[in-house]
$ cat structure05.cif   # mmCIF, C-alpha atoms
data_my_file
loop_
_atom_site.group_PDB
_atom_site.id
_atom_site.type_symbol
_atom_site.label_atom_id
_atom_site.label_comp_id
_atom_site.auth_asym_id
_atom_site.auth_seq_id
_atom_site.Cartn_x
_atom_site.Cartn_y
_atom_site.Cartn_z
ATOM 1 C CA MET A 294 -68.004 182.834 189.261
ATOM 2 C CA LYS A 295 -65.326 180.277 190.001
ATOM 3 C CA ARG A 296 -65.757 178.554 193.353
ATOM 4 C CA HIS A 297 -62.720 178.265 195.614
ATOM 5 C CA ASN A 298 -61.821 175.063 197.392
ATOM 6 C CA GLY A 299 -61.573 174.855 201.137
ATOM 7 C CA SER A 300 -58.311 173.651 202.630
ATOM 8 C CA LEU A 301 -59.829 170.217 203.339
ATOM 9 C CA GLU A 302 -60.908 169.795 199.712
ATOM 10 C CA LEU A 303 -57.439 170.797 198.543
ATOM 11 C CA MET A 304 -55.817 168.322 200.961
ATOM 12 C CA ILE A 305 -58.157 165.576 199.738
ATOM 13 C CA MET A 306 -57.257 166.218 196.090
ATOM 14 C CA LEU A 307 -53.539 166.147 196.944
ATOM 15 C CA ALA A 308 -54.022 162.904 198.899
ATOM 16 C CA ILE A 309 -55.809 161.322 195.922
ATOM 17 C CA MET A 310 -52.947 162.328 193.620
ATOM 18 C CA ARG A 311 -50.378 160.862 196.016
ATOM 19 C CA LEU A 312 -52.267 157.606 196.609
ATOM 20 C CA GLU A 313 -52.844 157.046 192.872
ATOM 21 C CA ASP A 314 -54.733 153.729 192.414
ATOM 22 C CA ALA A 315 -55.301 153.165 196.147
ATOM 23 C CA ALA A 316 -57.290 156.330 196.883
ATOM 24 C CA TYR A 317 -60.401 155.499 198.893
ATOM 25 C CA GLY A 318 -61.871 156.702 202.206
ATOM 26 C CA VAL A 319 -59.511 155.040 204.714
ATOM 27 C CA PRO A 320 -56.096 155.951 203.183
ATOM 28 C CA ILE A 321 -57.316 159.437 202.188
ATOM 29 C CA SER A 322 -58.407 160.097 205.768
ATOM 30 C CA ARG A 323 -55.081 158.635 207.080
ATOM 31 C CA GLU A 324 -53.048 160.843 204.701
ATOM 32 C CA ILE A 325 -54.824 163.946 205.993
ATOM 33 C CA GLU A 326 -54.404 162.851 209.604
ATOM 34 C CA GLU A 327 -50.653 162.256 209.118
ATOM 35 C CA SER A 328 -50.004 165.408 207.101
ATOM 36 C CA ALA A 329 -52.213 167.888 208.922
ATOM 37 C CA GLY A 330 -51.927 166.309 212.365
ATOM 38 C CA ARG A 331 -55.685 166.246 212.902
ATOM 39 C CA ALA A 332 -58.253 163.522 212.528
ATOM 40 C CA VAL A 333 -61.126 164.103 210.116
ATOM 41 C CA ALA A 334 -64.405 162.197 210.373
ATOM 42 C CA MET A 335 -64.904 159.780 207.501
ATOM 43 C CA ALA A 336 -68.318 161.316 206.729
ATOM 44 C CA THR A 337 -66.682 164.745 206.388
ATOM 45 C CA VAL A 338 -64.200 163.290 203.875
ATOM 46 C CA TYR A 339 -67.084 161.697 201.956
ATOM 47 C CA ALA A 340 -69.111 164.919 201.972
ATOM 48 C CA SER A 341 -66.116 166.764 200.465
ATOM 49 C CA LEU A 342 -65.524 163.968 197.948
ATOM 50 C CA ASP A 343 -69.188 164.154 196.885
ATOM 51 C CA ARG A 344 -68.860 167.921 196.372
ATOM 52 C CA LEU A 345 -65.620 167.491 194.383
ATOM 53 C CA GLU A 346 -67.209 164.781 192.249
ATOM 54 C CA ALA A 347 -70.281 166.952 191.587
ATOM 55 C CA ARG A 348 -67.920 169.688 190.353
ATOM 56 C CA GLY A 349 -66.077 167.235 188.083
ATOM 57 C CA LEU A 350 -62.764 167.554 189.946
ATOM 58 C CA VAL A 351 -62.613 163.882 190.956
ATOM 59 C CA LYS A 352 -64.328 160.750 189.688
ATOM 60 C CA SER A 353 -65.040 157.454 191.398
ATOM 61 C CA LYS A 354 -65.635 153.800 190.662
ATOM 62 C CA LEU A 355 -66.442 150.809 192.846
ATOM 63 C CA GLY A 356 -63.693 148.291 193.611
ATOM 64 C CA ASP A 357 -63.981 144.683 194.755
ATOM 65 C CA PRO A 358 -65.512 143.743 198.138
ATOM 66 C CA THR A 359 -62.969 142.470 200.700
ATOM 67 C CA PRO A 360 -63.393 140.536 204.006
ATOM 68 C CA GLU A 361 -61.594 143.186 206.090
ATOM 69 C CA ARG A 362 -64.314 145.625 204.986
ATOM 70 C CA GLY A 363 -67.131 143.294 205.995
ATOM 71 C CA GLY A 364 -67.605 142.267 202.362
ATOM 72 C CA ARG A 365 -68.208 145.806 201.152
ATOM 73 C CA ALA A 366 -66.682 147.382 198.063
ATOM 74 C CA LYS A 367 -64.204 150.271 198.099
ATOM 75 C CA ARG A 368 -65.132 153.482 196.322
ATOM 76 C CA LEU A 369 -61.906 154.376 194.518
ATOM 77 C CA PHE A 370 -61.251 157.995 193.545
ATOM 78 C CA THR A 371 -59.085 159.499 190.828
ATOM 79 C CA ILE A 372 -58.444 163.126 190.060
ATOM 80 C CA THR A 373 -59.623 164.532 186.730
ATOM 81 C CA ALA A 374 -57.763 166.939 184.428
ATOM 82 C CA ALA A 375 -59.970 169.750 185.811
ATOM 83 C CA GLY A 376 -58.976 168.681 189.317
ATOM 84 C CA ILE A 377 -55.264 168.855 188.497
ATOM 85 C CA ARG A 378 -55.756 172.358 187.031
ATOM 86 C CA GLU A 379 -57.630 173.362 190.207
ATOM 87 C CA VAL A 380 -54.772 172.133 192.431
ATOM 88 C CA GLN A 381 -52.195 174.007 190.315
ATOM 89 C CA ASP A 382 -54.280 177.202 190.426
ATOM 90 C CA ALA A 383 -54.613 176.934 194.198
ATOM 91 C CA ARG A 384 -50.849 176.419 194.577
ATOM 92 C CA ARG A 385 -50.099 179.424 192.349
ATOM 93 C CA ALA A 386 -52.520 181.651 194.275
ATOM 94 C CA LEU A 387 -51.225 180.536 197.670
ATOM 95 C CA THR A 388 -47.579 180.941 196.629
ATOM 96 C CA GLN A 389 -48.249 184.481 195.375
ATOM 97 C CA LEU A 390 -50.008 185.402 198.598
ATOM 98 C CA TRP A 391 -47.237 183.780 200.617
ATOM 99 C CA ASN A 392 -44.507 185.660 198.742
ATOM 100 C CA ARG A 393 -46.224 188.983 199.433
ATOM 101 C CA LEU A 394 -45.626 188.482 203.130
ATOM 102 C CA PRO A 395 -42.066 189.682 203.770
ATOM 103 C CA GLN A 396 -41.981 188.127 207.224
ATOM 104 C CA LEU A 397 -42.610 184.666 205.684
ATOM 105 C CA LYS A 398 -40.373 185.009 202.622
ATOM 106 C CA GLY A 399 -37.929 182.154 202.167
ATOM 107 C CA GLN A 400 -39.921 179.818 204.412
ATOM 108 C CA LEU A 401 -41.738 178.128 201.532
ATOM 109 C CA SER A 402 -40.004 174.858 200.794
ATOM 110 C CA MET B 176 -56.492 137.652 210.124
ATOM 111 C CA THR B 177 -59.002 138.186 212.941
ATOM 112 C CA ILE B 178 -61.965 140.351 211.970
ATOM 113 C CA HIS B 179 -63.225 142.614 214.765
ATOM 114 C CA GLN B 180 -66.916 143.331 214.522
ATOM 115 C CA PRO B 181 -67.805 147.000 215.126
ATOM 116 C CA PRO B 182 -70.909 147.786 217.248
ATOM 117 C CA ARG B 183 -73.775 146.198 215.325
ATOM 118 C CA LEU B 184 -76.415 148.624 216.588
ATOM 119 C CA ALA B 185 -74.424 151.610 215.295
ATOM 120 C CA THR B 186 -74.048 149.994 211.851
ATOM 121 C CA TRP B 187 -77.756 149.089 211.834
ATOM 122 C CA ILE B 188 -78.774 152.686 212.598
ATOM 123 C CA LEU B 189 -76.270 154.070 210.044
ATOM 124 C CA LYS B 190 -77.645 151.859 207.275
ATOM 125 C CA ARG B 191 -81.251 152.675 208.104
ATOM 126 C CA LEU B 192 -80.848 156.422 208.453
ATOM 127 C CA GLY B 193 -78.822 156.490 205.239
ATOM 128 C CA SER B 194 -78.538 159.669 203.190
ATOM 129 C CA ASN B 195 -76.790 160.481 199.936
ATOM 130 C CA ILE B 196 -73.337 160.428 201.492
ATOM 131 C CA ILE B 197 -73.982 157.269 203.483
ATOM 132 C CA GLU B 198 -73.598 154.240 201.357
ATOM 133 C CA ASP B 199 -71.949 150.853 201.402
ATOM 134 C CA ALA B 200 -68.485 152.312 200.723
ATOM 135 C CA LEU B 201 -68.603 154.494 203.841
ATOM 136 C CA VAL B 202 -69.869 151.603 205.972
ATOM 137 C CA GLY B 203 -67.006 149.496 204.544
ATOM 138 C CA ASP B 204 -64.443 152.230 205.254
ATOM 139 C CA LEU B 205 -65.629 152.513 208.861
ATOM 140 C CA PHE B 206 -65.469 148.721 209.196
ATOM 141 C CA GLU B 207 -61.895 148.682 207.822
ATOM 142 C CA ALA B 208 -60.742 151.596 209.995
ATOM 143 C CA TYR B 209 -62.286 149.880 213.031
ATOM 144 C CA GLN B 210 -59.932 146.903 212.541
ATOM 145 C CA ARG B 211 -57.028 149.267 213.285
ATOM 146 C CA ARG B 212 -58.590 151.461 215.990
ATOM 147 C CA LYS B 213 -60.886 148.919 217.707
ATOM 148 C CA SER B 214 -62.603 151.663 219.669
ATOM 149 C CA PRO B 215 -66.404 151.394 219.929
ATOM 150 C CA PHE B 216 -66.504 155.025 221.091
ATOM 151 C CA TRP B 217 -64.682 156.151 217.926
ATOM 152 C CA TYR B 218 -67.066 154.072 215.804
ATOM 153 C CA TRP B 219 -70.189 155.515 217.453
ATOM 154 C CA LYS B 220 -68.773 159.041 217.058
ATOM 155 C CA GLU B 221 -68.180 158.448 213.317
ATOM 156 C CA VAL B 222 -71.716 157.075 212.918
ATOM 157 C CA VAL B 223 -73.280 160.061 214.722
ATOM 158 C CA VAL B 224 -71.235 162.493 212.567
ATOM 159 C CA ALA B 225 -72.200 160.594 209.399
ATOM 160 C CA ILE B 226 -75.917 160.650 210.202
ATOM 161 C CA GLY B 227 -75.803 164.266 211.409
ATOM 162 C CA ALA B 228 -73.837 165.500 208.382
ATOM 163 C CA GLY B 229 -76.135 163.628 206.012
ATOM 164 C CA ALA B 230 -79.242 164.994 207.719
ATOM 165 C CA CYS B 231 -77.942 168.590 207.679
ATOM 166 C CA ARG B 232 -77.183 168.323 203.971
ATOM 167 C CA GLY B 233 -80.604 166.774 203.405
ATOM 168 C CA VAL B 234 -82.412 169.548 205.290
ATOM 169 C CA TRP B 235 -80.367 172.227 203.510
ATOM 170 C CA HIS B 236 -81.127 170.856 200.040
ATOM 171 C CA HIS B 237 -84.711 169.689 200.734
ATOM 172 C CA LEU B 238 -86.255 172.163 203.165
ATOM 173 C CA PRO B 239 -89.879 171.372 202.112
ATOM 174 C CA VAL B 240 -89.228 167.702 203.012
ATOM 175 C CA ALA B 241 -88.070 168.697 206.507
ATOM 176 C CA LEU B 242 -91.079 170.989 207.005
ATOM 177 C CA GLY B 243 -93.485 168.342 205.687
ATOM 178 C CA ALA B 244 -91.956 165.750 208.018
ATOM 179 C CA ILE B 245 -92.284 168.069 211.022
ATOM 180 C CA VAL B 246 -95.950 168.901 210.316
ATOM 181 C CA THR B 247 -96.899 165.274 209.585
ATOM 182 C CA GLY B 248 -94.931 163.868 212.499
ATOM 183 C CA LEU B 249 -96.193 166.348 215.098
ATOM 184 C CA PHE B 250 -99.780 165.772 213.928
ATOM 185 C CA VAL B 251 -99.409 161.975 214.195
ATOM 186 C CA ALA B 252 -97.692 162.199 217.585
ATOM 187 C CA ALA B 253 -100.194 164.679 219.055
ATOM 188 C CA THR B 254 -103.413 163.030 217.819
ATOM 189 C CA PRO B 255 -103.519 160.055 220.274
ATOM 190 C CA ILE B 256 -102.691 162.379 223.195
ATOM 191 C CA TRP B 257 -105.376 164.877 222.117
ATOM 192 C CA LEU B 258 -107.924 162.058 221.729
ATOM 193 C CA LEU B 259 -107.081 160.735 225.167
ATOM 194 C CA ILE B 260 -107.601 164.127 226.781
ATOM 195 C CA ASN B 261 -110.663 165.312 224.835
ATOM 196 C CA THR B 262 -112.794 162.246 224.112
ATOM 197 C CA SER B 263 -114.638 159.605 226.056
ATOM 198 C CA ALA B 264 -111.300 157.896 226.588
ATOM 199 C CA ALA B 265 -110.628 160.623 229.138
ATOM 200 C CA SER B 266 -113.264 159.035 231.376
ATOM 201 C CA LEU B 267 -110.912 156.065 231.701
ATOM 202 C CA SER B 268 -108.900 158.190 234.102
ATOM 203 C CA ASN B 269 -111.845 157.838 236.539
ATOM 204 C CA VAL B 270 -111.445 154.079 236.526
ATOM 205 C CA PRO B 271 -109.767 153.129 239.799
ATOM 206 C CA LEU B 272 -106.509 151.761 238.374
ATOM 207 C CA PRO B 273 -103.250 151.663 240.338
ATOM 208 C CA VAL B 274 -101.158 154.799 239.766
ATOM 209 C CA ARG B 275 -98.335 152.671 238.375
ATOM 210 C CA ILE B 276 -100.631 151.329 235.609
ATOM 211 C CA GLN B 277 -101.921 154.832 234.801
ATOM 212 C CA VAL B 278 -98.367 156.210 234.496
ATOM 213 C CA LEU B 279 -97.266 153.236 232.390
ATOM 214 C CA THR B 280 -100.274 153.698 230.072
ATOM 215 C CA ALA B 281 -99.514 157.419 229.668
ATOM 216 C CA TRP B 282 -95.853 156.652 228.860
ATOM 217 C CA LEU B 283 -96.849 153.971 226.371
ATOM 218 C CA ILE B 284 -99.167 156.407 224.576
ATOM 219 C CA VAL B 285 -96.588 159.246 224.490
ATOM 220 C CA PHE B 286 -93.625 157.151 223.349
ATOM 221 C CA GLY B 287 -95.753 154.859 221.185
ATOM 222 C CA SER B 288 -97.078 157.847 219.260
ATOM 223 C CA ALA B 289 -93.521 159.222 218.907
ATOM 224 C CA LEU B 290 -92.384 155.844 217.561
ATOM 225 C CA LEU B 291 -95.355 155.732 215.181
ATOM 226 C CA SER B 292 -94.714 159.267 213.905
ATOM 227 C CA GLY B 293 -91.010 158.467 213.274
ATOM 228 C CA TRP B 294 -91.959 155.301 211.392
ATOM 229 C CA LEU B 295 -94.629 157.053 209.286
ATOM 230 C CA VAL B 296 -92.402 160.014 208.408
ATOM 231 C CA SER B 297 -89.589 157.637 207.453
ATOM 232 C CA LEU B 298 -92.001 155.764 205.210
ATOM 233 C CA LEU B 299 -93.498 158.893 203.593
ATOM 234 C CA PHE B 300 -90.170 160.677 203.052
ATOM 235 C CA ARG B 301 -88.103 157.580 202.266
ATOM 236 C CA ALA B 302 -85.860 159.351 199.730
ATOM 237 C CA HIS B 303 -84.605 161.794 202.392
ATOM 238 C CA ARG B 304 -85.163 159.671 205.448
ATOM 239 C CA ALA B 305 -82.360 160.993 207.684
ATOM 240 C CA ALA B 306 -83.313 164.629 207.081
ATOM 241 C CA ALA B 307 -87.017 163.937 207.680
ATOM 242 C CA VAL B 308 -86.627 161.802 210.820
ATOM 243 C CA LEU B 309 -83.979 163.985 212.481
ATOM 244 C CA SER B 310 -85.927 167.184 211.706
ATOM 245 C CA LEU B 311 -88.961 165.619 213.363
ATOM 246 C CA ALA B 312 -86.898 164.484 216.376
ATOM 247 C CA ALA B 313 -85.538 168.038 216.804
ATOM 248 C CA ALA B 314 -89.063 169.497 216.470
ATOM 249 C CA MET B 315 -90.370 167.024 219.071
ATOM 250 C CA VAL B 316 -87.660 168.137 221.488
ATOM 251 C CA VAL B 317 -88.563 171.813 220.943
ATOM 252 C CA ALA B 318 -92.328 171.148 221.232
ATOM 253 C CA GLY B 319 -91.781 168.956 224.293
ATOM 254 C CA THR B 320 -89.647 171.631 225.981
ATOM 255 C CA ILE B 321 -92.372 174.233 225.431
ATOM 256 C CA LEU B 322 -95.220 171.963 226.613
ATOM 257 C CA LEU B 323 -93.446 170.383 229.575
ATOM 258 C CA SER B 324 -91.727 173.509 230.900
ATOM 259 C CA ALA B 325 -95.094 174.500 232.415
ATOM 260 C CA THR B 326 -95.233 171.265 234.445
ATOM 261 C CA ASP B 327 -93.410 170.567 237.697
ATOM 262 C CA LEU B 328 -90.920 168.176 236.067
ATOM 263 C CA GLY B 329 -87.333 168.725 237.231
ATOM 264 C CA PRO B 330 -84.643 169.589 234.646
ATOM 265 C CA LEU B 331 -83.164 166.076 234.764
ATOM 266 C CA ALA B 332 -86.556 164.384 234.336
ATOM 267 C CA LEU B 333 -87.439 166.841 231.545
ATOM 268 C CA ALA B 334 -84.164 166.094 229.727
ATOM 269 C CA GLY B 335 -84.797 162.355 230.178
ATOM 270 C CA VAL B 336 -88.319 162.536 228.758
ATOM 271 C CA LEU B 337 -87.194 164.648 225.779
ATOM 272 C CA LEU B 338 -84.256 162.338 225.062
ATOM 273 C CA LEU B 339 -86.479 159.245 225.185
ATOM 274 C CA ASP B 340 -89.029 160.971 222.951
ATOM 275 C CA ALA B 341 -86.342 161.854 220.381
ATOM 276 C CA LEU B 342 -84.945 158.308 220.563
ATOM 277 C CA ALA B 343 -88.462 156.912 220.020
ATOM 278 C CA VAL B 344 -88.780 159.020 216.847
ATOM 279 C CA VAL B 345 -85.348 157.892 215.586
ATOM 280 C CA GLY B 346 -86.160 154.295 216.568
ATOM 281 C CA GLY B 347 -89.440 154.432 214.671
ATOM 282 C CA GLY B 348 -87.667 155.975 211.695
ATOM 283 C CA SER B 349 -85.123 153.142 211.717
ATOM 284 C CA LEU B 350 -87.783 150.437 211.497
ATOM 285 C CA THR B 351 -88.466 150.801 207.796
ATOM 286 C CA GLY B 352 -86.305 148.889 205.310
ATOM 287 C CA VAL B 353 -82.852 149.899 204.099
ATOM 288 C CA ARG B 354 -82.763 152.183 201.070
ATOM 289 C CA ARG B 355 -80.324 150.919 198.485
ATOM 290 C CA ARG B 356 -78.387 153.338 196.326
ATOM 291 C CA SER B 357 -77.677 152.174 192.828
ATOM 292 C CA ALA B 358 -74.036 151.208 192.496
ATOM 293 C CA GLN B 359 -71.840 153.381 190.355
ATOM 294 C CA ALA B 360 -69.908 151.454 187.775
#

$ encode --input "structure05.cif" --output "C-alpha cells"
Amino acid sequence: MKRHNGSLELMIMLAIMRLEDAAYGVPISREIEESAGRAVAMATVYASLDRLEARGLVKSKLGDPTPERGGRAKRLFTITAAGIREVQDARRALTQLWNRLPQLKGQLS
Amino acid sequence: MTIHQPPRLATWILKRLGSNIIEDALVGDLFEAYQRRKSPFWYWKEVVVAIGAGACRGVWHHLPVALGAIVTGLFVAATPIWLLINTSAASLSNVPLPVRIQVLTAWLIVFGSALLSGWLVSLLFRAHRAAAVLSLAAAMVVAGTILLSATDLGPLALAGVLLLDALAVVGGGSLTGVRRRSAQA
C-alpha cells in the first residue's frame, strides 16, 4: 500500500525543490518557518529527511566543511524523480479534495 | 566574521548520545543556526529534542536493546546497594562515623552505581547508545519513584534525587567515546 506523506514531509520536499543546490538543514528549516509561520526543530527536519531518503524520495551528499559551521560539512539534499511524482500526486489529491468543498471554491490560488 | 561558540556542554552531550539522525551535519547545522539566533536556551532545546527524538526512534526500532539495557543497568545499579545492605559491609553502619560522612557515603554509592550502570550500558549497547541510556534513565526514575515513595522524603527532595539519579545515568552514558558514522559520499 502506498504510504502518504505528512504535511511536514511535503513542505520539506517543496523546500528542497525551491532551494535547488543549497538545500540543507538550516535553509530548509528557515523556508518552513517563513512559509508555515512556525519553527520546526532541526532534529525533526532531519528525522523527516531520513524517512524521505529511506523511501527514495530525496537523496543526499556531503558538501564542504565551512568555518561558520564549526568546520563541519553540510548534508545537501536533492529531490529524486520519485519525489517529484510524490509531490505532484499530493498536489492533485489536495486540489481535488479542496475543490469538493463548495465553501472554499475559488480560494485556491 | 565573528564566530559565536554555542554551549560546549550541550554539543558534547549531543555528540556522545548520538543516534542515527544525529551526525556531524546536524551538529554543523545547529552551529550555523546559532550564529544567527545566539540563544543558548534555543540551542539546549534543539539538543534535547535531537537526543529525545533519536532515542525514541531507537527504542521503537530496537525494543530488545532498550529492554536489555534496562535489565543490565538496573542489575548493575542495584548490586552495590544490595551488597551494602545484606553483607558484612552492613556492619559498617555500626561504626561511629559522623552522620554527614554516612550520608555522603550513601549518596556516593547510589549515584556512583547509577553512573557505572549508565557507562556500562553505553559500552554494551554502543550501536544504539541514546536509546539504551535514556531507556535506563527512565527505568531508574520509575524504579526510584516506587522504592522511595515508601520513605519520608518530601516531593521536592524525591524529585531532586530522581533527577540526579537520571543525570548520573546519562552522565555515565556520555563518558564512552564518540561513535562515528561513516560519511556518505

$ atom_distance --input "structure05.cif" --atom1 "CA of Leu350 in chain A" --atom2 "CA of Cys231 in chain B"
23.4 Å

$ closest_atom_pairs --input "structure05.cif" --of "chain A" --to "chain B" --cutoff "12 Å" --atoms "all atoms listed in the file" --output "JSON lines"
{"residue": "A:Ala316", "atom": "CA", "partner": "B:Asp204", "partner_atom": "CA", "distance": 11.7}
{"residue": "A:Tyr317", "atom": "CA", "partner": "B:Asp204", "partner_atom": "CA", "distance": 8.2}
{"residue": "A:Gly318", "atom": "CA", "partner": "B:Asp204", "partner_atom": "CA", "distance": 6.0}
{"residue": "A:Val319", "atom": "CA", "partner": "B:Asp204", "partner_atom": "CA", "distance": 5.7}
{"residue": "A:Pro320", "atom": "CA", "partner": "B:Ala208", "partner_atom": "CA", "distance": 9.3}
{"residue": "A:Ile321", "atom": "CA", "partner": "B:Asp204", "partner_atom": "CA", "distance": 10.6}
{"residue": "A:Ser322", "atom": "CA", "partner": "B:Ala208", "partner_atom": "CA", "distance": 9.8}
{"residue": "A:Arg323", "atom": "CA", "partner": "B:Ala208", "partner_atom": "CA", "distance": 9.5}
{"residue": "A:Ala332", "atom": "CA", "partner": "B:Trp217", "partner_atom": "CA", "distance": 11.2}
{"residue": "A:Val333", "atom": "CA", "partner": "B:Glu221", "partner_atom": "CA", "distance": 9.6}
{"residue": "A:Ala334", "atom": "CA", "partner": "B:Glu221", "partner_atom": "CA", "distance": 6.1}
{"residue": "A:Met335", "atom": "CA", "partner": "B:Glu221", "partner_atom": "CA", "distance": 6.8}
{"residue": "A:Ala336", "atom": "CA", "partner": "B:Ala225", "partner_atom": "CA", "distance": 4.8}
{"residue": "A:Thr337", "atom": "CA", "partner": "B:Ala228", "partner_atom": "CA", "distance": 7.5}
{"residue": "A:Val338", "atom": "CA", "partner": "B:Leu201", "partner_atom": "CA", "distance": 9.8}
{"residue": "A:Tyr339", "atom": "CA", "partner": "B:Ile196", "partner_atom": "CA", "distance": 6.4}
{"residue": "A:Ala340", "atom": "CA", "partner": "B:Ile196", "partner_atom": "CA", "distance": 6.2}
{"residue": "A:Ser341", "atom": "CA", "partner": "B:Ile196", "partner_atom": "CA", "distance": 9.7}
{"residue": "A:Leu342", "atom": "CA", "partner": "B:Ile196", "partner_atom": "CA", "distance": 9.3}
{"residue": "A:Asp343", "atom": "CA", "partner": "B:Ile196", "partner_atom": "CA", "distance": 7.2}
{"residue": "A:Arg344", "atom": "CA", "partner": "B:Ile196", "partner_atom": "CA", "distance": 10.1}
{"residue": "A:Glu346", "atom": "CA", "partner": "B:Ile196", "partner_atom": "CA", "distance": 11.9}
{"residue": "A:Lys352", "atom": "CA", "partner": "B:Gln359", "partner_atom": "CA", "distance": 10.5}
{"residue": "A:Ser353", "atom": "CA", "partner": "B:Gln359", "partner_atom": "CA", "distance": 8.0}
{"residue": "A:Lys354", "atom": "CA", "partner": "B:Ala360", "partner_atom": "CA", "distance": 5.7}
{"residue": "A:Leu355", "atom": "CA", "partner": "B:Ala360", "partner_atom": "CA", "distance": 6.2}
{"residue": "A:Gly356", "atom": "CA", "partner": "B:Ala360", "partner_atom": "CA", "distance": 9.1}
{"residue": "A:Asp357", "atom": "CA", "partner": "B:Ala200", "partner_atom": "CA", "distance": 10.7}
{"residue": "A:Pro358", "atom": "CA", "partner": "B:Gly203", "partner_atom": "CA", "distance": 8.7}
{"residue": "A:Thr359", "atom": "CA", "partner": "B:Gly203", "partner_atom": "CA", "distance": 9.0}
{"residue": "A:Pro360", "atom": "CA", "partner": "B:Ile178", "partner_atom": "CA", "distance": 8.1}
{"residue": "A:Glu361", "atom": "CA", "partner": "B:Glu207", "partner_atom": "CA", "distance": 5.8}
{"residue": "A:Arg362", "atom": "CA", "partner": "B:Gly203", "partner_atom": "CA", "distance": 4.7}
{"residue": "A:Gly363", "atom": "CA", "partner": "B:Gly203", "partner_atom": "CA", "distance": 6.4}
{"residue": "A:Gly364", "atom": "CA", "partner": "B:Gly203", "partner_atom": "CA", "distance": 7.6}
{"residue": "A:Arg365", "atom": "CA", "partner": "B:Gly203", "partner_atom": "CA", "distance": 5.2}
{"residue": "A:Ala366", "atom": "CA", "partner": "B:Ala200", "partner_atom": "CA", "distance": 5.9}
{"residue": "A:Lys367", "atom": "CA", "partner": "B:Ala200", "partner_atom": "CA", "distance": 5.4}
{"residue": "A:Arg368", "atom": "CA", "partner": "B:Ala200", "partner_atom": "CA", "distance": 5.7}
{"residue": "A:Leu369", "atom": "CA", "partner": "B:Ala200", "partner_atom": "CA", "distance": 9.3}
{"residue": "A:Phe370", "atom": "CA", "partner": "B:Ala200", "partner_atom": "CA", "distance": 11.7}

$ resolve_selection --input "structure05.cif" --expression "the PyMOL selection byres ((chain B and resi 336) around 12)" --output "ChimeraX atom specification"
/B:282,285-286,289,315-316,319-320,322-324,328-335,337-343

$ resolve_selection --input "structure05.cif" --expression "the PyMOL selection byres ((chain B and resi 298) around 12)" --output "ChimeraX atom specification"
/B:191-192,244,247-248,291-297,299-305,307-308,347-354

$ write_last_selection --input "structure05.cif" --atoms "C-alpha atoms" --output "PDB file, keeping the file's coordinate frame"
ATOM      1  CA  ARG B 191     -81.251 152.675 208.104  1.00  0.00           C
ATOM      2  CA  LEU B 192     -80.848 156.422 208.453  1.00  0.00           C
ATOM      3  CA  ALA B 244     -91.956 165.750 208.018  1.00  0.00           C
ATOM      4  CA  THR B 247     -96.899 165.274 209.585  1.00  0.00           C
ATOM      5  CA  GLY B 248     -94.931 163.868 212.499  1.00  0.00           C
ATOM      6  CA  LEU B 291     -95.355 155.732 215.181  1.00  0.00           C
ATOM      7  CA  SER B 292     -94.714 159.267 213.905  1.00  0.00           C
ATOM      8  CA  GLY B 293     -91.010 158.467 213.274  1.00  0.00           C
ATOM      9  CA  TRP B 294     -91.959 155.301 211.392  1.00  0.00           C
ATOM     10  CA  LEU B 295     -94.629 157.053 209.286  1.00  0.00           C
ATOM     11  CA  VAL B 296     -92.402 160.014 208.408  1.00  0.00           C
ATOM     12  CA  SER B 297     -89.589 157.637 207.453  1.00  0.00           C
ATOM     13  CA  LEU B 299     -93.498 158.893 203.593  1.00  0.00           C
ATOM     14  CA  PHE B 300     -90.170 160.677 203.052  1.00  0.00           C
ATOM     15  CA  ARG B 301     -88.103 157.580 202.266  1.00  0.00           C
ATOM     16  CA  ALA B 302     -85.860 159.351 199.730  1.00  0.00           C
ATOM     17  CA  HIS B 303     -84.605 161.794 202.392  1.00  0.00           C
ATOM     18  CA  ARG B 304     -85.163 159.671 205.448  1.00  0.00           C
ATOM     19  CA  ALA B 305     -82.360 160.993 207.684  1.00  0.00           C
ATOM     20  CA  ALA B 307     -87.017 163.937 207.680  1.00  0.00           C
ATOM     21  CA  VAL B 308     -86.627 161.802 210.820  1.00  0.00           C
ATOM     22  CA  GLY B 347     -89.440 154.432 214.671  1.00  0.00           C
ATOM     23  CA  GLY B 348     -87.667 155.975 211.695  1.00  0.00           C
ATOM     24  CA  SER B 349     -85.123 153.142 211.717  1.00  0.00           C
ATOM     25  CA  LEU B 350     -87.783 150.437 211.497  1.00  0.00           C
ATOM     26  CA  THR B 351     -88.466 150.801 207.796  1.00  0.00           C
ATOM     27  CA  GLY B 352     -86.305 148.889 205.310  1.00  0.00           C
ATOM     28  CA  VAL B 353     -82.852 149.899 204.099  1.00  0.00           C
ATOM     29  CA  ARG B 354     -82.763 152.183 201.070  1.00  0.00           C
TER      30      ARG B 354
END

$ atom_distance --input "structure05.cif" --atom1 "CA of Val251 in chain B" --atom2 "CA of Ala281 in chain B"
16.1 Å

$ atom_distance --input "structure05.cif" --atom1 "CA of Gly349 in chain A" --atom2 "CA of Leu307 in chain A"
15.4 Å

$ closest_residue --input "structure05.cif" --among "B:Leu290, B:Ala185, B:Ile256, B:Val234" --to "Trp219 in chain B" --atoms "only C-alpha atoms"
B:Ala185

$ closest_residue --input "structure05.cif" --among "A:Gln396, A:Val351, A:Glu327, A:Ala315" --to "Leu303 in chain A" --atoms "only C-alpha atoms"
A:Val351
